[in-house]
>>> print(open('target-v1.pdb').read())   # PDB, C-alpha atoms and all ligand atoms
ATOM      1  CA  MET X   6      19.204 -22.633 -42.932
ATOM      2  CA  GLY X   7      18.348 -23.377 -39.323
ATOM      3  CA  THR X   8      17.912 -26.867 -37.872
ATOM      4  CA  PRO X   9      14.645 -28.820 -37.603
ATOM      5  CA  TRP X  10      13.477 -30.197 -34.262
ATOM      6  CA  LYS X  11      13.238 -33.992 -33.927
ATOM      7  CA  THR X  12      10.209 -35.530 -35.612
ATOM      8  CA  SER X  13       8.338 -36.413 -32.403
ATOM      9  CA  VAL X  14       8.379 -32.718 -31.438
ATOM     10  CA  ARG X  15       7.511 -31.471 -34.925
ATOM     11  CA  ASN X  16       4.474 -33.758 -34.974
ATOM     12  CA  THR X  17       3.029 -31.977 -31.926
ATOM     13  CA  LYS X  18       3.732 -28.450 -33.231
ATOM     14  CA  THR X  19       4.523 -27.701 -29.581
ATOM     15  CA  LEU X  20       7.738 -26.994 -27.712
ATOM     16  CA  THR X  21       7.798 -27.477 -23.950
ATOM     17  CA  VAL X  22       9.881 -24.909 -22.076
ATOM     18  CA  PHE X  23      11.154 -25.280 -18.513
ATOM     19  CA  ASN X  24      11.235 -22.177 -16.360
ATOM     20  CA  GLY X  25      14.661 -22.162 -14.748
ATOM     21  CA  ILE X  26      14.184 -18.554 -13.602
ATOM     22  CA  THR X  27      13.127 -19.304 -10.070
ATOM     23  CA  THR X  28      13.468 -16.168  -8.024
ATOM     24  CA  GLY X  29      14.425 -12.548  -8.079
ATOM     25  CA  HIS X  30      13.849  -9.567 -10.278
ATOM     26  CA  TRP X  31      13.055 -11.547 -13.439
ATOM     27  CA  SER X  32      10.644 -14.107 -12.005
ATOM     28  CA  ASN X  33       7.818 -12.857 -14.258
ATOM     29  CA  ILE X  34       9.721 -12.770 -17.532
ATOM     30  CA  PHE X  35       9.181 -16.450 -18.411
ATOM     31  CA  THR X  36       5.396 -16.130 -18.713
ATOM     32  CA  ILE X  37       5.657 -12.793 -20.525
ATOM     33  CA  ALA X  38       8.213 -14.143 -23.024
ATOM     34  CA  LEU X  39       6.251 -17.309 -23.830
ATOM     35  CA  ALA X  40       3.049 -15.337 -24.416
ATOM     36  CA  ALA X  41       4.915 -12.881 -26.681
ATOM     37  CA  PHE X  42       6.552 -15.715 -28.629
ATOM     38  CA  ASN X  43       3.210 -17.486 -29.116
ATOM     39  CA  GLU X  44       1.622 -14.285 -30.391
ATOM     40  CA  PHE X  45       4.546 -13.723 -32.789
ATOM     41  CA  ALA X  46       4.522 -17.355 -33.979
ATOM     42  CA  LYS X  47       0.765 -17.573 -34.628
ATOM     43  CA  PRO X  48       1.179 -17.668 -38.437
ATOM     44  CA  THR X  49       3.454 -20.724 -38.071
ATOM     45  CA  GLY X  50       0.979 -22.875 -36.118
ATOM     46  CA  ILE X  51       3.601 -23.735 -33.507
ATOM     47  CA  LYS X  52       3.464 -22.812 -29.853
ATOM     48  CA  MET X  53       5.463 -23.017 -26.634
ATOM     49  CA  VAL X  54       4.027 -24.279 -23.355
ATOM     50  CA  LYS X  55       5.427 -24.502 -19.840
ATOM     51  CA  ALA X  56       7.200 -27.818 -19.142
ATOM     52  CA  GLY X  57       6.625 -29.776 -15.952
ATOM     53  CA  ASN X  58      10.267 -30.632 -15.375
ATOM     54  CA  GLU X  59      13.699 -29.793 -16.655
ATOM     55  CA  SER X  60      14.780 -33.227 -17.844
ATOM     56  CA  SER X  61      11.815 -33.827 -20.167
ATOM     57  CA  ALA X  62      11.579 -30.207 -21.389
ATOM     58  CA  ASN X  63      12.512 -29.428 -24.984
ATOM     59  CA  ILE X  64      13.894 -26.021 -24.004
ATOM     60  CA  VAL X  65      15.350 -24.884 -20.686
ATOM     61  CA  MET X  66      15.369 -21.140 -19.997
ATOM     62  CA  SER X  67      17.527 -19.690 -17.254
ATOM     63  CA  LEU X  68      19.584 -16.674 -16.226
ATOM     64  CA  ALA X  69      23.371 -16.591 -16.343
ATOM     65  CA  ASP X  70      26.107 -14.238 -15.226
ATOM     66  CA  GLY X  71      29.683 -14.978 -16.235
ATOM     67  CA  THR X  72      29.233 -18.604 -17.289
ATOM     68  CA  ALA X  73      26.413 -20.434 -19.054
ATOM     69  CA  LYS X  74      26.468 -24.098 -17.990
ATOM     70  CA  PHE X  75      24.337 -26.982 -19.167
ATOM     71  CA  GLU X  76      24.361 -30.750 -19.483
ATOM     72  CA  PHE X  77      23.145 -33.050 -22.239
ATOM     73  CA  LEU X  78      23.545 -36.832 -22.415
ATOM     74  CA  ASN X  79      25.927 -36.758 -19.428
ATOM     75  CA  LYS X  80      28.198 -34.253 -21.121
ATOM     76  CA  HIS X  81      28.898 -30.951 -19.424
ATOM     77  CA  TYR X  82      29.084 -27.739 -21.467
ATOM     78  CA  GLU X  83      30.266 -24.261 -20.460
ATOM     79  CA  ASN X  84      30.238 -20.971 -22.339
ATOM     80  CA  SER X  85      31.414 -17.592 -21.145
ATOM     81  CA  PHE X  86      28.448 -15.258 -20.997
ATOM     82  CA  SER X  87      28.080 -11.641 -19.962
ATOM     83  CA  GLY X  88      25.437 -11.135 -17.301
ATOM     84  CA  THR X  89      25.150  -7.418 -18.109
ATOM     85  CA  ALA X  90      24.898  -7.536 -21.906
ATOM     86  CA  LEU X  91      21.661  -6.852 -23.779
ATOM     87  CA  HIS X  92      21.498 -10.172 -25.514
ATOM     88  CA  GLY X  93      21.080 -13.793 -24.581
ATOM     89  CA  LEU X  94      22.604 -17.073 -25.708
ATOM     90  CA  THR X  95      20.882 -20.128 -27.140
ATOM     91  CA  LYS X  96      22.588 -23.494 -27.564
ATOM     92  CA  THR X  97      20.835 -26.216 -29.520
ATOM     93  CA  LEU X  98      21.979 -29.844 -29.294
ATOM     94  CA  SER X  99      21.370 -31.985 -32.347
ATOM     95  CA  ILE X 100      21.679 -35.629 -33.318
ATOM     96  CA  ASP X 101      21.618 -36.545 -37.021
ATOM     97  CA  GLY X 102      20.726 -32.984 -37.966
ATOM     98  CA  GLU X 103      17.720 -32.725 -35.645
ATOM     99  CA  ILE X 104      17.503 -30.670 -32.464
ATOM    100  CA  GLN X 105      17.015 -32.789 -29.323
ATOM    101  CA  LYS X 106      17.166 -30.070 -26.689
ATOM    102  CA  ALA X 107      17.883 -26.345 -26.420
ATOM    103  CA  PHE X 108      19.171 -24.139 -23.627
ATOM    104  CA  VAL X 109      18.318 -20.438 -23.521
ATOM    105  CA  PHE X 110      20.313 -18.130 -21.285
ATOM    106  CA  LEU X 111      19.272 -14.589 -20.427
ATOM    107  CA  PRO X 112      21.556 -12.000 -18.810
ATOM    108  CA  GLU X 113      21.012 -11.817 -15.054
ATOM    109  CA  ARG X 114      21.704  -8.061 -14.862
ATOM    110  CA  PRO X 115      21.040  -6.581 -18.340
ATOM    111  CA  THR X 116      22.399  -3.072 -18.043
ATOM    112  CA  VAL X 117      21.549   0.055 -20.013
ATOM    113  CA  THR X 118      22.866   3.595 -19.883
ATOM    114  CA  ASP X 119      20.565   6.543 -19.323
ATOM    115  CA  PHE X 120      20.890  10.261 -18.572
ATOM    116  CA  ASP X 121      19.655  12.188 -15.528
ATOM    117  CA  ASN X 122      18.046  15.631 -15.852
ATOM    118  CA  LYS X 123      21.488  17.261 -15.653
ATOM    119  CA  GLY X 124      22.696  15.230 -18.611
ATOM    120  CA  ASN X 125      24.932  12.914 -16.575
ATOM    121  CA  MET X 126      25.129   9.390 -17.850
ATOM    122  CA  PHE X 127      24.358   6.551 -15.458
ATOM    123  CA  GLU X 128      23.811   2.818 -15.643
ATOM    124  CA  LYS X 129      20.676   1.024 -14.619
ATOM    125  CA  LEU X 130      18.967  -2.338 -14.929
ATOM    126  CA  ALA X 131      17.123  -2.761 -18.236
ATOM    127  CA  SER X 132      13.330  -2.600 -18.165
ATOM    128  CA  PRO X 133      11.090  -5.688 -18.368
ATOM    129  CA  ASN X 134      10.294  -4.724 -21.971
ATOM    130  CA  VAL X 135      13.980  -4.842 -22.921
ATOM    131  CA  MET X 136      14.287  -8.241 -21.239
ATOM    132  CA  LYS X 137      11.179  -9.422 -23.089
ATOM    133  CA  VAL X 138      12.800  -8.512 -26.424
ATOM    134  CA  ILE X 139      15.978 -10.374 -25.451
ATOM    135  CA  ALA X 140      13.976 -13.442 -24.372
ATOM    136  CA  VAL X 141      11.682 -13.651 -27.426
ATOM    137  CA  HIS X 142      14.677 -13.230 -29.767
ATOM    138  CA  GLU X 143      16.335 -16.228 -28.085
ATOM    139  CA  LEU X 144      13.145 -18.334 -28.203
ATOM    140  CA  ILE X 145      13.101 -17.803 -31.981
ATOM    141  CA  HIS X 146      16.641 -19.220 -32.085
ATOM    142  CA  ALA X 147      15.469 -22.132 -29.907
ATOM    143  CA  CYS X 148      12.576 -23.036 -32.205
ATOM    144  CA  GLY X 149      15.057 -23.857 -34.958
ATOM    145  CA  LEU X 150      16.616 -20.695 -36.389
ATOM    146  CA  ASP X 151      19.844 -21.468 -34.573
ATOM    147  CA  GLU X 152      22.469 -20.019 -36.895
ATOM    148  CA  MET X 153      23.829 -16.484 -37.127
ATOM    149  CA  ARG X 154      22.825 -16.323 -40.786
ATOM    150  CA  ASP X 155      19.202 -17.061 -39.830
ATOM    151  CA  HIS X 156      18.920 -13.531 -38.417
ATOM    152  CA  GLY X 157      16.926 -11.097 -40.488
ATOM    153  CA  GLY X 158      13.571  -9.527 -41.065
ATOM    154  CA  ASP X 159      12.968  -6.020 -39.835
ATOM    155  CA  GLY X 160      11.989  -6.584 -36.225
ATOM    156  CA  ILE X 161      12.628  -8.829 -33.250
ATOM    157  CA  PHE X 162      14.975 -11.132 -35.152
ATOM    158  CA  TYR X 163      17.076  -8.392 -36.697
ATOM    159  CA  TYR X 164      20.717  -8.571 -35.680
ATOM    160  CA  PRO X 165      22.075  -6.590 -34.024
ATOM    161  CA  LEU X 166      19.225  -4.775 -32.338
ATOM    162  CA  ALA X 167      20.043  -1.159 -31.528
ATOM    163  CA  TYR X 168      20.277   0.144 -27.998
ATOM    164  CA  GLN X 169      20.377   3.889 -27.403
ATOM    165  CA  ASN X 170      19.916   5.857 -24.205
ATOM    166  CA  GLY X 171      18.507   2.896 -22.352
ATOM    167  CA  LYS X 172      15.941   1.960 -24.963
ATOM    168  CA  VAL X 173      15.837  -0.838 -27.526
ATOM    169  CA  TYR X 174      15.200   0.031 -31.126
ATOM    170  CA  VAL X 175      14.309  -2.343 -33.885
ATOM    171  CA  PRO X 176      15.858  -1.121 -37.095
ATOM    172  CA  GLU X 177      13.233  -1.192 -39.778
ATOM    173  CA  ARG X 178      14.632  -1.026 -43.288
ATOM    174  CA  GLY X 179      13.937   2.240 -45.000
ATOM    175  CA  LYS X 180      12.070   3.689 -42.052
ATOM    176  CA  ASN X 181      12.862   5.294 -38.731
ATOM    177  CA  PRO X 182      13.837   2.820 -36.055
ATOM    178  CA  ALA X 183      10.823   1.644 -34.057
ATOM    179  CA  LEU X 184      11.061   2.126 -30.318
ATOM    180  CA  MET X 185      10.501  -1.046 -28.327
ATOM    181  CA  PRO X 186       8.328  -2.562 -26.997
ATOM    182  CA  SER X 187       6.873  -3.883 -30.148
ATOM    183  CA  VAL X 188       7.270  -7.512 -31.006
ATOM    184  CA  ARG X 189       5.521  -6.921 -34.273
ATOM    185  CA  PRO X 190       4.607  -9.543 -36.860
ATOM    186  CA  ASP X 191       7.445 -10.397 -39.237
ATOM    187  CA  GLY X 192       6.508 -12.592 -42.194
ATOM    188  CA  ILE X 193      10.127 -13.107 -43.221
ATOM    189  CA  ILE X 194      10.951 -14.806 -39.933
ATOM    190  CA  THR X 195       7.696 -16.719 -39.452
ATOM    191  CA  GLY X 196       8.080 -17.912 -43.054
ATOM    192  CA  LYS X 197      11.531 -19.309 -42.231
ATOM    193  CA  ILE X 198      10.164 -21.027 -39.100
ATOM    194  CA  LYS X 199       7.329 -22.590 -41.102
ATOM    195  CA  GLU X 200       9.803 -24.180 -43.507
ATOM    196  CA  LEU X 201      11.536 -25.924 -40.591
ATOM    197  CA  TRP X 202       8.279 -27.282 -39.126
TER     198      TRP X 202
HETATM  199 ZN    ZN I   1      20.255 -13.686 -32.324
END
>>> encode(input="target-v1.pdb", output="structure tokens")
Amino acid sequence: MGTPWKTSVRNTKTLTVFNGITTGHWSNIFTIALAAFNEFAKPTGIKMVKAGNESSANIVMSLADGTAKFEFLNKHYENSFSGTALHGLTKTLSIDGEIQKAFVFLPERPTVTDFDNKGNMFEKLASPNVMKVIAVHELIHACGLDEMRDHGGDGIFYYPLAYQNGKVYVPERGKNPALMPSVRPDGIITGKIKELW
């Protein structure tokens, strides 16, 4: 279940994250996502802070459209990645079963469908709240829950999240889906994180 970070990182209870989102429409999302993650992760005692540079950062967060590229220990990696989808991609790189570095990619143009007042469907850029949900979900992967089977709970780390009429819903078992934004506490997921740290 998941993968622990290397011991030197676990000792600090802190992950440093480099902001690779330099310009454009999403320039604010880094700060918003880190604050939301830290609020969510409070019960675990771990936190994320902004890194000074990319090479020493534990996690690198950036936007991608078409291809997600990254380098680790002089090796180049590439993954195909939709720039319009409503989910991100996190790649963790481990040595001897411990994460050394993680790369988080967010869609550059996350696109939702909506309806005008005549009922015609149209596409538009997702709201900052939708992007926040995408980003926090990926940061949870990056803190160690890096496998598909780690998904769960009834909130931000549920998979797949539901998207309807331009809005994100978090399916909550046995209840009506909760309309985002709400990165609500989720003891199932913070419990899993705690075990890894
Ligand atoms: Zn996921």
>>> residues_near_ligand(input="target-v1.pdb", ligand="ligand ZN 1 (chain I)", cutoff="8 Å", atoms="all atoms listed in the file", output="PyMOL selection string")
chain X and resi 92-94+142-143+146+153+156+162-165
>>> resolve_selection(input="target-v1.pdb", expression="the PyMOL selection byres (((chain X and resi 63) around 9) and not hetatm)", output="ChimeraX atom specification")
/X:14,20-23,56,59-62,64-65,105-108
>>> atom_distance(input="target-v1.pdb", atom1="CA of Ile26 (chain X)", atom2="CA of Thr95 (chain X)")
15.2 Å
>>> atom_distance(input="target-v1.pdb", atom1="CA of Phe35 (chain X)", atom2="CA of Ser67 (chain X)")
9.0 Å
>>> residues_near_point(input="target-v1.pdb", point="(5.5, -14.9, -35.6)", cutoff="9 Å", atoms="all atoms listed in the file", output="list in words")
Phe42, Asn43, Glu44, Phe45, Ala46, Lys47, Pro48, Thr49, Ile145, Val188, Arg189, Pro190, Asp191, Gly192, Ile194, Thr195, Gly196 and Ile198 of chain X
>>> closest_residue(input="target-v1.pdb", among="X:Gly149, X:Gly157, X:Gly124, X:Gly25", to="Leu98 (chain X)", atoms="all atoms listed in the file")
X:Gly149
>>> atom_distance(input="target-v1.pdb", atom1="CA of Lys11 (chain X)", atom2="CA of Gly57 (chain X)")
19.6 Å
>>> closest_residue(input="target-v1.pdb", among="X:Pro112, X:Cys148, X:Thr72, X:Glu128", to="Ile34 (chain X)", atoms="only C-alpha atoms")
X:Pro112
>>> closest_residue(input="target-v1.pdb", among="X:Thr19, X:Gly71, X:Asp151, X:His30", to="Lys55 (chain X)", atoms="all atoms listed in the file")
X:Thr19
>>> residues_around(input="target-v1.pdb", residues="Leu130 (chain X)", least_positions_apart="3", cutoff="8 Å", atoms="only C-alpha atoms", output="compact mmCIF listing (two decimals) with C-alpha atoms, keeping the file's coordinate frame")
# COMPACT_ATOMS: atom_id res chain seq x y z
CA ARG X 114 21.70 -8.06 -14.86
CA PRO X 115 21.04 -6.58 -18.34
CA THR X 116 22.40 -3.07 -18.04
CA VAL X 117 21.55 0.06 -20.01
>>> closest_residue(input="target-v1.pdb", among="X:His81, X:Lys74, X:Lys199, X:Lys123", to="Val109 (chain X)", atoms="all atoms listed in the file")
X:Lys74
>>> closest_residue(input="target-v1.pdb", among="X:Gly158, X:Ile193, X:Lys80, X:Phe110", to="Asn24 (chain X)", atoms="all atoms listed in the file")
X:Phe110
>>> build_atoms(input="target-v1.pdb", residues="region 45-72 of chain X", atoms="N, CA and C atoms", output="PDB file, in the frame of the given file")
ATOM      1  N   PHE X  45       3.704 -13.925 -31.612  1.00  0.00           N
ATOM      2  CA  PHE X  45       4.546 -13.723 -32.789  1.00  0.00           C
ATOM      3  C   PHE X  45       4.447 -14.912 -33.745  1.00  0.00           C
ATOM      4  N   ALA X  46       4.423 -16.133 -33.162  1.00  0.00           N
ATOM      5  CA  ALA X  46       4.522 -17.355 -33.979  1.00  0.00           C
ATOM      6  C   ALA X  46       3.177 -17.845 -34.493  1.00  0.00           C
ATOM      7  N   LYS X  47       2.098 -17.125 -34.202  1.00  0.00           N
ATOM      8  CA  LYS X  47       0.765 -17.573 -34.628  1.00  0.00           C
ATOM      9  C   LYS X  47       0.698 -18.014 -36.095  1.00  0.00           C
ATOM     10  N   PRO X  48       1.281 -17.250 -37.033  1.00  0.00           N
ATOM     11  CA  PRO X  48       1.179 -17.668 -38.437  1.00  0.00           C
ATOM     12  C   PRO X  48       1.864 -18.999 -38.733  1.00  0.00           C
ATOM     13  N   THR X  49       2.726 -19.473 -37.822  1.00  0.00           N
ATOM     14  CA  THR X  49       3.454 -20.724 -38.071  1.00  0.00           C
ATOM     15  C   THR X  49       2.687 -21.942 -37.583  1.00  0.00           C
ATOM     16  N   GLY X  50       1.716 -21.738 -36.683  1.00  0.00           N
ATOM     17  CA  GLY X  50       0.979 -22.875 -36.118  1.00  0.00           C
ATOM     18  C   GLY X  50       1.703 -23.584 -34.991  1.00  0.00           C
ATOM     19  N   ILE X  51       2.911 -23.092 -34.628  1.00  0.00           N
ATOM     20  CA  ILE X  51       3.601 -23.735 -33.507  1.00  0.00           C
ATOM     21  C   ILE X  51       3.453 -22.888 -32.253  1.00  0.00           C
ATOM     22  N   LYS X  52       3.551 -23.567 -31.093  1.00  0.00           N
ATOM     23  CA  LYS X  52       3.464 -22.812 -29.853  1.00  0.00           C
ATOM     24  C   LYS X  52       4.398 -23.383 -28.794  1.00  0.00           C
ATOM     25  N   MET X  53       4.642 -22.587 -27.766  1.00  0.00           N
ATOM     26  CA  MET X  53       5.463 -23.017 -26.634  1.00  0.00           C
ATOM     27  C   MET X  53       4.598 -23.070 -25.386  1.00  0.00           C
ATOM     28  N   VAL X  54       4.778 -24.127 -24.607  1.00  0.00           N
ATOM     29  CA  VAL X  54       4.027 -24.279 -23.355  1.00  0.00           C
ATOM     30  C   VAL X  54       5.011 -24.577 -22.223  1.00  0.00           C
ATOM     31  N   LYS X  55       4.577 -24.286 -21.009  1.00  0.00           N
ATOM     32  CA  LYS X  55       5.427 -24.502 -19.840  1.00  0.00           C
ATOM     33  C   LYS X  55       5.627 -25.996 -19.603  1.00  0.00           C
ATOM     34  N   ALA X  56       6.881 -26.406 -19.385  1.00  0.00           N
ATOM     35  CA  ALA X  56       7.200 -27.818 -19.142  1.00  0.00           C
ATOM     36  C   ALA X  56       7.105 -28.121 -17.654  1.00  0.00           C
ATOM     37  N   GLY X  57       6.749 -29.371 -17.348  1.00  0.00           N
ATOM     38  CA  GLY X  57       6.625 -29.776 -15.952  1.00  0.00           C
ATOM     39  C   GLY X  57       7.968 -29.953 -15.270  1.00  0.00           C
ATOM     40  N   ASN X  58       8.942 -30.473 -15.999  1.00  0.00           N
ATOM     41  CA  ASN X  58      10.267 -30.632 -15.375  1.00  0.00           C
ATOM     42  C   ASN X  58      11.373 -30.418 -16.398  1.00  0.00           C
ATOM     43  N   GLU X  59      12.559 -30.188 -15.832  1.00  0.00           N
ATOM     44  CA  GLU X  59      13.699 -29.793 -16.655  1.00  0.00           C
ATOM     45  C   GLU X  59      14.181 -30.919 -17.572  1.00  0.00           C
ATOM     46  N   SER X  60      14.169 -32.143 -17.062  1.00  0.00           N
ATOM     47  CA  SER X  60      14.780 -33.227 -17.844  1.00  0.00           C
ATOM     48  C   SER X  60      13.956 -33.577 -19.087  1.00  0.00           C
ATOM     49  N   SER X  61      12.627 -33.468 -18.995  1.00  0.00           N
ATOM     50  CA  SER X  61      11.815 -33.827 -20.167  1.00  0.00           C
ATOM     51  C   SER X  61      11.531 -32.629 -21.073  1.00  0.00           C
ATOM     52  N   ALA X  62      11.874 -31.414 -20.608  1.00  0.00           N
ATOM     53  CA  ALA X  62      11.579 -30.207 -21.389  1.00  0.00           C
ATOM     54  C   ALA X  62      12.370 -30.179 -22.690  1.00  0.00           C
ATOM     55  N   ASN X  63      11.775 -29.632 -23.741  1.00  0.00           N
ATOM     56  CA  ASN X  63      12.512 -29.428 -24.984  1.00  0.00           C
ATOM     57  C   ASN X  63      13.519 -28.285 -24.811  1.00  0.00           C
ATOM     58  N   ILE X  64      13.056 -27.218 -24.179  1.00  0.00           N
ATOM     59  CA  ILE X  64      13.894 -26.021 -24.004  1.00  0.00           C
ATOM     60  C   ILE X  64      13.988 -25.699 -22.513  1.00  0.00           C
ATOM     61  N   VAL X  65      15.175 -25.316 -22.071  1.00  0.00           N
ATOM     62  CA  VAL X  65      15.350 -24.884 -20.686  1.00  0.00           C
ATOM     63  C   VAL X  65      15.793 -23.425 -20.712  1.00  0.00           C
ATOM     64  N   MET X  66      15.032 -22.570 -20.030  1.00  0.00           N
ATOM     65  CA  MET X  66      15.369 -21.140 -19.997  1.00  0.00           C
ATOM     66  C   MET X  66      15.866 -20.758 -18.606  1.00  0.00           C
ATOM     67  N   SER X  67      17.032 -20.124 -18.559  1.00  0.00           N
ATOM     68  CA  SER X  67      17.527 -19.690 -17.254  1.00  0.00           C
ATOM     69  C   SER X  67      18.362 -18.425 -17.393  1.00  0.00           C
ATOM     70  N   LEU X  68      18.743 -17.873 -16.255  1.00  0.00           N
ATOM     71  CA  LEU X  68      19.584 -16.674 -16.226  1.00  0.00           C
ATOM     72  C   LEU X  68      21.035 -17.108 -16.077  1.00  0.00           C
ATOM     73  N   ALA X  69      21.956 -16.290 -16.554  1.00  0.00           N
ATOM     74  CA  ALA X  69      23.371 -16.591 -16.343  1.00  0.00           C
ATOM     75  C   ALA X  69      24.140 -15.288 -16.165  1.00  0.00           C
ATOM     76  N   ASP X  70      25.255 -15.405 -15.475  1.00  0.00           N
ATOM     77  CA  ASP X  70      26.107 -14.238 -15.226  1.00  0.00           C
ATOM     78  C   ASP X  70      27.549 -14.723 -15.150  1.00  0.00           C
ATOM     79  N   GLY X  71      28.285 -14.543 -16.222  1.00  0.00           N
ATOM     80  CA  GLY X  71      29.683 -14.978 -16.235  1.00  0.00           C
ATOM     81  C   GLY X  71      29.882 -16.282 -16.990  1.00  0.00           C
ATOM     82  N   THR X  72      29.113 -17.308 -16.624  1.00  0.00           N
ATOM     83  CA  THR X  72      29.233 -18.604 -17.289  1.00  0.00           C
ATOM     84  C   THR X  72      27.853 -19.189 -17.545  1.00  0.00           C
TER      85      THR X  72
END
